[in-house]
file work03.txt (compact mmCIF, C-alpha atoms)
# COMPACT_ATOMS: atom_id res chain seq x y z
CA MET A 105 -25.84 -19.68 -6.94
CA ALA A 106 -26.49 -19.51 -10.68
CA SER A 107 -23.92 -17.79 -12.84
CA THR A 108 -24.69 -14.46 -14.47
CA GLY A 109 -23.31 -12.47 -17.35
CA ILE A 110 -22.30 -13.86 -20.71
CA PRO A 111 -22.68 -17.61 -21.46
CA LEU A 112 -19.75 -19.84 -20.67
CA ASP A 113 -19.16 -20.87 -24.27
CA THR A 114 -18.96 -17.24 -25.34
CA ALA A 115 -16.72 -16.40 -22.39
CA THR A 116 -14.37 -19.23 -23.34
CA ILE A 117 -14.00 -17.99 -26.91
CA ILE A 118 -13.36 -14.41 -25.79
CA SER A 119 -10.93 -15.43 -23.04
CA THR A 120 -8.84 -17.66 -25.32
CA THR A 121 -8.68 -14.95 -27.99
CA LEU A 122 -7.61 -12.22 -25.58
CA GLU A 123 -5.18 -14.54 -23.84
CA SER A 124 -3.56 -15.34 -27.20
CA ILE A 125 -3.12 -11.63 -27.96
CA LEU A 126 -1.59 -10.89 -24.57
CA TYR A 127 0.58 -13.99 -24.86
CA GLY A 128 2.10 -12.52 -28.02
CA PHE A 129 2.95 -9.35 -26.08
CA SER A 130 4.44 -11.43 -23.26
CA VAL A 131 6.70 -13.25 -25.72
CA LEU A 132 7.96 -9.91 -27.06
CA MET A 133 8.54 -8.67 -23.52
CA PHE A 134 10.41 -11.87 -22.69
CA MET A 135 12.65 -11.43 -25.73
CA GLY A 136 13.29 -7.83 -24.67
CA THR A 137 14.15 -9.02 -21.17
CA MET A 138 16.66 -11.56 -22.42
CA TRP A 139 18.16 -8.98 -24.78
CA ALA A 140 18.48 -6.40 -21.99
CA SER A 141 19.98 -8.97 -19.62
CA SER A 142 22.63 -9.86 -22.20
CA PHE A 143 24.27 -6.47 -21.57
CA LYS A 144 24.91 -7.33 -17.93
CA SER A 145 28.02 -9.28 -17.08
CA ASN A 146 26.58 -10.25 -13.68
CA ALA A 147 23.01 -11.11 -14.67
CA ASN A 148 20.77 -12.36 -11.89
CA ARG A 149 20.24 -16.01 -12.78
CA PRO A 150 17.31 -16.65 -10.38
CA ILE A 151 15.40 -13.72 -11.88
CA ALA A 152 16.17 -14.92 -15.42
CA LEU A 153 15.00 -18.41 -14.44
CA ALA A 154 11.77 -16.94 -13.05
CA ALA A 155 11.15 -15.14 -16.35
CA ILE A 156 11.61 -18.40 -18.26
CA LEU A 157 9.30 -20.30 -15.91
CA LEU A 158 6.60 -17.64 -16.20
CA LEU A 159 6.71 -17.86 -19.99
CA VAL A 160 6.65 -21.68 -19.94
CA LEU A 161 3.65 -21.75 -17.58
CA SER A 162 1.84 -19.13 -19.65
CA THR A 163 2.49 -21.17 -22.80
CA ALA A 164 1.20 -24.37 -21.20
CA HIS A 165 -1.91 -22.54 -19.96
CA LEU A 166 -2.70 -21.25 -23.45
CA VAL A 167 -2.25 -24.73 -24.95
CA ILE A 168 -4.69 -26.20 -22.42
CA ASP A 169 -7.21 -23.45 -23.15
CA ILE A 170 -7.03 -24.29 -26.86
CA ILE A 171 -7.53 -27.98 -26.05
CA ARG A 172 -10.53 -27.14 -23.87
CA LEU A 173 -11.94 -25.01 -26.68
CA GLU A 174 -11.75 -27.97 -29.04
CA ASP A 175 -13.13 -30.42 -26.47
CA GLY A 176 -16.06 -28.21 -25.63
CA PHE A 177 -17.18 -27.31 -29.15
CA VAL A 178 -16.10 -30.40 -31.12
CA LYS A 179 -15.99 -33.45 -28.88
CA HIS A 180 -18.76 -32.45 -26.47
CA GLY A 181 -20.83 -30.28 -28.76
CA ASN A 182 -23.65 -32.83 -29.07
CA ILE A 183 -23.85 -33.96 -25.45
CA PRO A 184 -26.80 -32.87 -23.26
CA GLY A 185 -26.20 -29.28 -22.25
CA GLY A 186 -23.72 -28.71 -25.08
CA PRO A 187 -20.46 -26.81 -24.60
CA VAL A 188 -21.90 -24.86 -21.66
CA ALA A 189 -22.24 -28.05 -19.60
CA PHE A 190 -18.66 -29.02 -20.42
CA PHE A 191 -17.16 -25.66 -19.48
CA GLN A 192 -19.24 -25.54 -16.30
CA ASP A 193 -17.86 -28.87 -15.08
CA ILE A 194 -14.99 -27.92 -12.79
CA SER A 195 -13.95 -31.56 -12.31
CA GLN A 196 -12.58 -31.76 -15.86
CA PRO A 197 -8.83 -32.64 -15.75
CA THR A 198 -8.03 -29.78 -18.11
CA PHE A 199 -9.78 -27.29 -15.83
CA VAL A 200 -7.88 -28.56 -12.79
CA THR A 201 -4.57 -28.51 -14.68
CA LYS A 202 -4.96 -24.94 -15.91
CA ASN A 203 -5.76 -23.78 -12.37
CA LEU A 204 -2.66 -25.53 -11.06
CA LEU A 205 -0.64 -23.66 -13.67
CA TYR A 206 -2.21 -20.40 -12.50
CA ALA A 207 -1.31 -21.31 -8.92
CA LEU A 208 2.35 -21.82 -9.85
CA GLN A 209 2.37 -18.62 -11.90
CA THR A 210 0.99 -16.64 -8.99
CA MET A 211 3.42 -18.15 -6.52
CA ILE A 212 6.42 -17.26 -8.69
CA GLY A 213 5.19 -13.74 -9.49
CA ASP A 214 4.38 -12.84 -5.89
CA GLY A 215 7.54 -14.53 -4.67
CA VAL A 216 9.67 -12.31 -6.92
CA VAL A 217 7.95 -9.20 -5.53
CA ILE A 218 8.84 -10.30 -2.00
CA TYR A 219 12.40 -11.10 -3.09
CA ARG A 220 12.80 -7.60 -4.52
CA CYS A 221 11.56 -6.13 -1.26
CA TYR A 222 14.19 -8.06 0.65
CA ILE A 223 16.95 -6.98 -1.73
CA VAL A 224 16.01 -3.31 -1.43
CA TRP A 225 15.27 -3.26 2.31
CA GLN A 226 17.99 -5.77 3.36
CA SER A 227 15.78 -6.81 6.26
CA VAL A 228 13.86 -10.00 6.93
CA TRP A 229 11.43 -8.25 9.27
CA VAL A 230 10.00 -6.14 6.47
CA ILE A 231 8.94 -9.14 4.40
CA ILE A 232 7.35 -11.15 7.24
CA LEU A 233 3.79 -9.99 6.51
CA PRO A 234 4.04 -10.37 2.70
CA SER A 235 5.61 -13.80 3.20
CA MET A 236 2.75 -14.92 5.45
CA LEU A 237 0.23 -13.71 2.88
CA TRP A 238 2.18 -15.49 0.16
CA CYS A 239 2.10 -18.74 2.11
CA GLY A 240 -1.65 -18.39 2.64
CA SER A 241 -2.30 -17.70 -1.04
CA SER A 242 -0.09 -20.64 -2.04
CA VAL A 243 -2.04 -23.00 0.20
CA ALA A 244 -5.35 -21.73 -1.18
CA ALA A 245 -4.05 -22.00 -4.75
CA LEU A 246 -3.12 -25.65 -4.24
CA ILE A 247 -6.21 -26.68 -2.27
CA ALA A 248 -8.76 -25.13 -4.65
CA PRO A 249 -7.89 -27.48 -7.57
CA TYR A 250 -8.06 -30.43 -5.18
CA TYR A 251 -11.67 -29.68 -4.26
CA ALA A 252 -12.46 -28.96 -7.89
CA LEU A 253 -11.17 -32.41 -8.88
CA ARG A 254 -13.36 -34.09 -6.26
CA ALA A 255 -16.48 -32.28 -7.45
CA VAL A 256 -18.67 -34.17 -9.90
CA GLY A 257 -20.06 -31.75 -12.44
CA GLY A 258 -20.08 -29.06 -9.77
CA ASN A 259 -20.59 -25.36 -10.28
CA ILE A 260 -17.60 -23.28 -9.33
CA TYR A 261 -19.80 -20.70 -7.62
CA THR A 262 -21.60 -23.15 -5.34
CA ASP A 263 -18.91 -25.74 -4.69
CA GLN A 264 -16.53 -25.60 -1.72
CA THR A 265 -13.90 -24.60 -4.24
CA ALA A 266 -15.40 -21.10 -4.28
CA GLN A 267 -14.29 -20.40 -0.71
CA TRP A 268 -10.68 -21.23 -1.47
CA ILE A 269 -10.72 -19.30 -4.74
CA THR A 270 -12.04 -16.21 -2.96
CA ALA A 271 -9.30 -16.56 -0.34
CA LEU A 272 -6.72 -17.00 -3.11
CA PHE A 273 -7.64 -13.80 -4.94
CA SER A 274 -7.90 -11.80 -1.72
CA LEU A 275 -4.52 -12.94 -0.37
CA THR A 276 -2.80 -12.51 -3.72
CA LEU A 277 -4.16 -8.99 -4.07
CA SER A 278 -3.00 -8.11 -0.55
CA THR A 279 0.45 -9.59 -1.15
CA ASN A 280 0.92 -7.62 -4.35
CA LEU A 281 -0.27 -4.32 -2.87
CA ILE A 282 1.81 -4.60 0.30
CA GLY A 283 4.94 -5.88 -1.45
CA SER A 284 4.80 -3.30 -4.22
CA GLY A 285 4.02 -0.54 -1.71
CA LEU A 286 7.03 -1.42 0.42
CA LEU A 287 9.25 -1.54 -2.65
CA VAL A 288 8.08 1.82 -3.99
CA TYR A 289 8.31 3.48 -0.57
CA ARG A 290 11.88 2.27 -0.01
CA ILE A 291 13.13 3.45 -3.40
CA TRP A 292 11.35 6.77 -2.96
CA THR A 293 12.93 7.37 0.45
CA ILE A 294 16.38 6.49 -0.91
CA GLU A 295 15.83 8.92 -3.78
CA ARG A 296 14.91 11.70 -1.37
CA ARG A 297 17.96 11.00 0.77
CA VAL A 298 20.56 10.91 -1.99
CA SER A 299 19.12 13.52 -4.37
CA PRO A 300 20.63 16.56 -2.54
CA ASN A 301 24.11 15.01 -2.77
CA ARG A 302 23.86 13.59 -6.29
CA VAL A 303 26.54 14.80 -8.69
CA THR A 304 25.01 13.20 -11.80
CA ASN A 305 21.68 13.65 -13.56
CA GLY A 306 20.47 10.14 -12.78
CA THR A 307 17.26 9.59 -10.84
CA MET A 308 15.34 6.59 -9.59
CA MET A 309 11.88 8.09 -10.07
CA PRO A 310 11.33 6.43 -13.48
CA ILE A 311 11.80 3.09 -11.74
CA VAL A 312 9.21 4.10 -9.14
CA TYR A 313 6.76 4.98 -11.90
CA VAL A 314 7.27 1.61 -13.60
CA LEU A 315 6.76 -0.24 -10.32
CA ILE A 316 3.57 1.71 -9.67
CA ASP A 317 2.26 1.03 -13.17
CA ALA A 318 3.01 -2.68 -12.85
CA ALA A 319 1.32 -2.88 -9.45
CA ILE A 320 -1.76 -1.02 -10.70
CA LEU A 321 -2.07 -3.26 -13.77
CA TYR A 322 -1.78 -6.49 -11.82
CA SER A 323 -3.94 -5.30 -8.92
CA ALA A 324 -6.67 -4.05 -11.27
CA ALA A 325 -6.81 -7.45 -12.96
CA LEU A 326 -6.97 -9.26 -9.61
CA LEU A 327 -9.64 -6.92 -8.26
CA THR A 328 -11.74 -7.40 -11.38
CA ILE A 329 -11.52 -11.18 -11.04
CA LEU A 330 -12.43 -11.02 -7.35
CA VAL A 331 -15.46 -8.78 -7.92
CA CYS A 332 -16.71 -10.86 -10.84
CA PHE A 333 -16.25 -14.08 -8.88
CA VAL A 334 -18.07 -12.81 -5.80
CA CYS A 335 -20.91 -11.63 -8.06
CA SER A 336 -20.95 -15.05 -9.83
CA ASN A 337 -20.29 -13.33 -13.15
CA ASN A 338 -18.81 -15.43 -15.92
CA ALA A 339 -16.58 -12.52 -16.95
CA GLN A 340 -14.16 -13.79 -14.31
CA TYR A 341 -13.23 -16.62 -16.69
CA ILE A 342 -12.11 -14.04 -19.23
CA MET A 343 -9.95 -12.16 -16.73
CA LEU A 344 -8.60 -15.36 -15.20
CA ASP A 345 -7.22 -16.51 -18.54
CA MET A 346 -5.89 -13.05 -19.34
CA ILE A 347 -4.01 -12.73 -16.07
CA MET A 348 -1.56 -15.51 -16.97
CA PRO A 349 0.24 -13.48 -19.67
CA ILE A 350 -0.34 -10.30 -17.65
CA ILE A 351 1.83 -11.68 -14.85
CA SER A 352 4.61 -12.39 -17.33
CA ILE A 353 4.23 -8.95 -18.96
CA VAL A 354 4.36 -7.14 -15.61
CA PHE A 355 7.40 -9.12 -14.52
CA CYS A 356 9.33 -8.44 -17.72
CA MET A 357 8.27 -4.80 -17.78
CA VAL A 358 9.87 -4.17 -14.40
CA LEU A 359 12.91 -6.30 -15.17
CA ILE A 360 13.64 -4.45 -18.42
CA ARG A 361 13.49 -1.09 -16.61
CA LEU A 362 15.77 -2.31 -13.81
CA THR A 363 18.36 -3.61 -16.27
CA PRO A 364 20.89 -0.87 -17.09
CA ARG A 365 22.16 -0.43 -20.61
CA LYS A 366 25.80 -0.35 -21.61
CA ASP A 367 25.93 3.42 -21.94
CA THR A 368 24.02 4.22 -18.76
CA PRO A 369 24.99 3.61 -15.14
CA ASN A 370 22.93 1.56 -12.78
CA ILE A 371 20.91 4.13 -10.85
CA LEU A 372 19.26 1.70 -8.47
CA PRO A 373 21.56 1.42 -5.44
CA ILE A 374 21.00 -1.23 -2.86
CA ALA A 375 19.70 0.14 0.41
CA TYR A 376 22.63 -1.24 2.35
CA SER A 377 25.16 0.44 0.09
CA THR A 378 23.28 3.72 0.27
CA GLU A 379 23.11 3.63 4.05
CA SER A 380 26.81 2.77 4.24
CA SER A 381 27.67 5.74 2.07
CA GLU A 382 25.51 7.97 4.23
CA ARG A 383 27.27 6.76 7.36
CA GLU A 384 30.67 7.37 5.81
CA ARG A 385 29.64 10.88 4.79
CA ARG A 386 28.36 11.65 8.30
CA ASN A 387 31.54 10.26 9.86
CA SER A 388 33.64 12.43 7.60
CA GLN A 389 31.68 15.45 8.79
CA HIS A 390 32.09 14.55 12.47
CA TYR A 391 35.82 13.89 12.08
CA PRO A 392 37.18 16.41 9.57
CA MET A 393 40.61 15.82 8.12
CA LYS A 394 43.48 17.89 9.54
CA PRO A 395 46.31 19.35 7.49
CA LEU A 396 49.01 16.76 6.87
CA GLU A 397 52.64 17.74 6.54
CA ILE A 398 54.75 15.62 4.18
CA ARG A 399 58.56 15.71 4.08
CA VAL A 400 60.22 14.42 0.91
CA SER A 401 63.89 13.46 0.99
CA GLN A 402 65.84 13.43 -2.26
CA TRP A 403 68.91 11.24 -2.77
CA THR A 404 71.18 11.80 -5.75
CA GLN A 405 73.89 9.41 -6.95
CA ASN A 406 76.87 10.78 -8.89
CA ASP A 407 78.38 8.22 -11.25
CA GLY A 408 81.52 10.33 -11.86
CA MET A 409 80.63 11.45 -15.36
CA GLU A 410 80.80 15.16 -16.16

call {"tool": "encode", "arguments": {"input": "work03.txt", "output": "structure tokens"}}
result
Amino acid sequence: MASTGIPLDTATIISTTLESILYGFSVLMFMGTMWASSFKSNANRPIALAAILLLVLSTAHLVIDIIRLEDGFVKHGNIPGGPVAFFQDISQPTFVTKNLLYALQTMIGDGVVIYRCYIVWQSVWVIILPSMLWCGSSVAALIAPYYALRAVGGNIYTDQTAQWITALFSLTLSTNLIGSGLLVYRIWTIERRVSPNRVTNGTMMPIVYVLIDAAILYSAALLTILVCFVCSNNAQYIMLDMIMPIISIVFCMVLIRLTPRKDTPNILPIAYSTESSERERRNSQHYPMKPLEIRVSQWTQNDGME
């Protein structure tokens, strides 16, 4: 199937430019994340490591895109077919490498969403379906570059790689929607349960709104890529390069909101702690305290002095 939409050389220029702009925002968000985490004495090291890895992978992806831009317009500008033929060749090592970086970025981002679901729900059964989808998307993300490397000047829309790429976007979109939905639903139900008994003005609804915004942003980008890819539209190259910093931005955006400041309490209770408090409150209602009589004896020592 022939590609449609804008030419590949134009799409590459636009995608690298937009990716560079979003990368700048992701760096600022990363700095904000590290600054916010510095206020916590018990910072979550795995989450901080994930933020660093996402930024490193996004940086490497941008560097490879710049190298491909130079290779296509400078080194291969005079070959038959020009830059379009170079960018269309999915067997180029730089193309395979950048897709491997995207695979790792997706695996880390979706894995963190599943990890948050487990922390909030405190149940392995809840994350079984998202974990299965994550495994499927990880396999597709690793197999697609393999077939792309074996292709000789192949078109990404007609090669066997297209089947795995379609499966990758579909599974990743499903994982994000289900994981984010479970996370939002759990926090919302906890908020409804504890709000009648809350003695402070804190609320978890702002966190719900941030999670929803992050899920919508990431899902909209994935859906756009999937639709453009199925339609063989070259605009998918633009969105595919943009989604690398978007993953980092979404991750840091949620992490900054979940990190309490020094002057504000942490208003995101763990589900297990909330349920334990509810059980204790119910037990105290079932077994009310009875009046307790206390006898105090006083002993005085006289040392003989008047």

call {"tool": "atom_distance", "arguments": {"input": "work03.txt", "atom1": "atom CA of A:Trp139", "atom2": "atom CA of A:Ile350"}}
result
19.9 Å

call {"tool": "atom_distance", "arguments": {"input": "work03.txt", "atom1": "atom CA of A:Glu174", "atom2": "atom CA of A:Phe333"}}
result
24.9 Å

call {"tool": "residues_near_point", "arguments": {"input": "work03.txt", "point": "(-5.3, -21.4, -22.8)", "cutoff": "9 Å", "atoms": "all atoms listed in the file", "output": "list of chain:residue names"}}
result
A:Ser119, A:Thr120, A:Thr121, A:Glu123, A:Ser124, A:Ser162, A:Thr163, A:Ala164, A:His165, A:Leu166, A:Val167, A:Ile168, A:Asp169, A:Ile170, A:Ile171, A:Arg172, A:Leu173, A:Lys202, A:Asp345

call {"tool": "residues_around", "arguments": {"input": "work03.txt", "residues": "stretch 243-252 of chain A", "least_positions_apart": "3", "cutoff": "7 Å", "atoms": "all atoms listed in the file", "output": "JSON, numbers by chain"}}
result
{"A": [194, 195, 200, 203, 204, 207, 239, 240, 255, 264, 265, 268, 269, 271, 272]}

call {"tool": "atom_distance", "arguments": {"input": "work03.txt", "atom1": "atom CA of A:Ile320", "atom2": "atom CA of A:Thr279"}}
result
13.0 Å

call {"tool": "residues_around", "arguments": {"input": "work03.txt", "residues": "A:Pro150", "least_positions_apart": "6", "cutoff": "12 Å", "atoms": "all atoms listed in the file", "output": "VMD selection string"}}
result
chain A and resid 156 to 157 212 215 to 216 219 to 220

call {"tool": "residues_around", "arguments": {"input": "work03.txt", "residues": "A:Ile232", "least_positions_apart": "4", "cutoff": "12 Å", "atoms": "only C-alpha atoms", "output": "ChimeraX atom specification"}}
result
/A:218-219,221-222,227-228,236-239,279,282-283,286

call {"tool": "closest_residue", "arguments": {"input": "work03.txt", "among": "A:Trp292, A:Phe273, A:Phe190, A:Tyr341", "to": "A:Thr210", "atoms": "only C-alpha atoms"}}
result
A:Phe273

call {"tool": "residues_near_point", "arguments": {"input": "work03.txt", "point": "(3.8, -1.5, -8.7)", "cutoff": "6 Å", "atoms": "only C-alpha atoms", "output": "NGL selection string"}}
result
:A and (284 or 315-320)

call {"tool": "axis_aligned_box", "arguments": {"input": "work03.txt", "around": "stretch 231-246 of chain A", "padding_each_side": "3 Å", "output": "lines of an AutoDock Vina configuration file"}}
result
center_x = 1.8
center_y = -17.4
center_z = 1.2
size_x = 20.3
size_y = 22.5
size_z = 18.0

call {"tool": "closest_residue", "arguments": {"input": "work03.txt", "among": "A:Val178, A:Leu126, A:Val217, A:Val288", "to": "A:Ile151", "atoms": "all atoms listed in the file"}}
result
A:Val217

call {"tool": "closest_residue", "arguments": {"input": "work03.txt", "among": "A:Gly285, A:Gly181, A:Gly213, A:Gly176", "to": "A:Pro349", "atoms": "all atoms listed in the file"}}
result
A:Gly213

call {"tool": "closest_residue", "arguments": {"input": "work03.txt", "among": "A:Ala325, A:Gln209, A:Pro310, A:Pro111", "to": "A:Ala189", "atoms": "all atoms listed in the file"}}
result
A:Pro111

call {"tool": "closest_residue", "arguments": {"input": "work03.txt", "among": "A:Leu112, A:Leu253, A:Ile125, A:Ile231", "to": "A:Ser336", "atoms": "only C-alpha atoms"}}
result
A:Leu112

call {"tool": "closest_residue", "arguments": {"input": "work03.txt", "among": "A:Ala155, A:Leu326, A:Ala140, A:Ile291", "to": "A:Ser274", "atoms": "all atoms listed in the file"}}
result
A:Leu326

call {"tool": "residues_around", "arguments": {"input": "work03.txt", "residues": "A:Asp175", "least_positions_apart": "6", "cutoff": "12 Å", "atoms": "all atoms listed in the file", "output": "list in words"}}
result
Asp113, Thr116, Ile168, Asp169, Gly181, Asn182, Ile183, Gly186, Pro187, Val188, Ala189, Phe190, Phe191, Gln196, Pro197, Thr198 and Phe199 of chain A
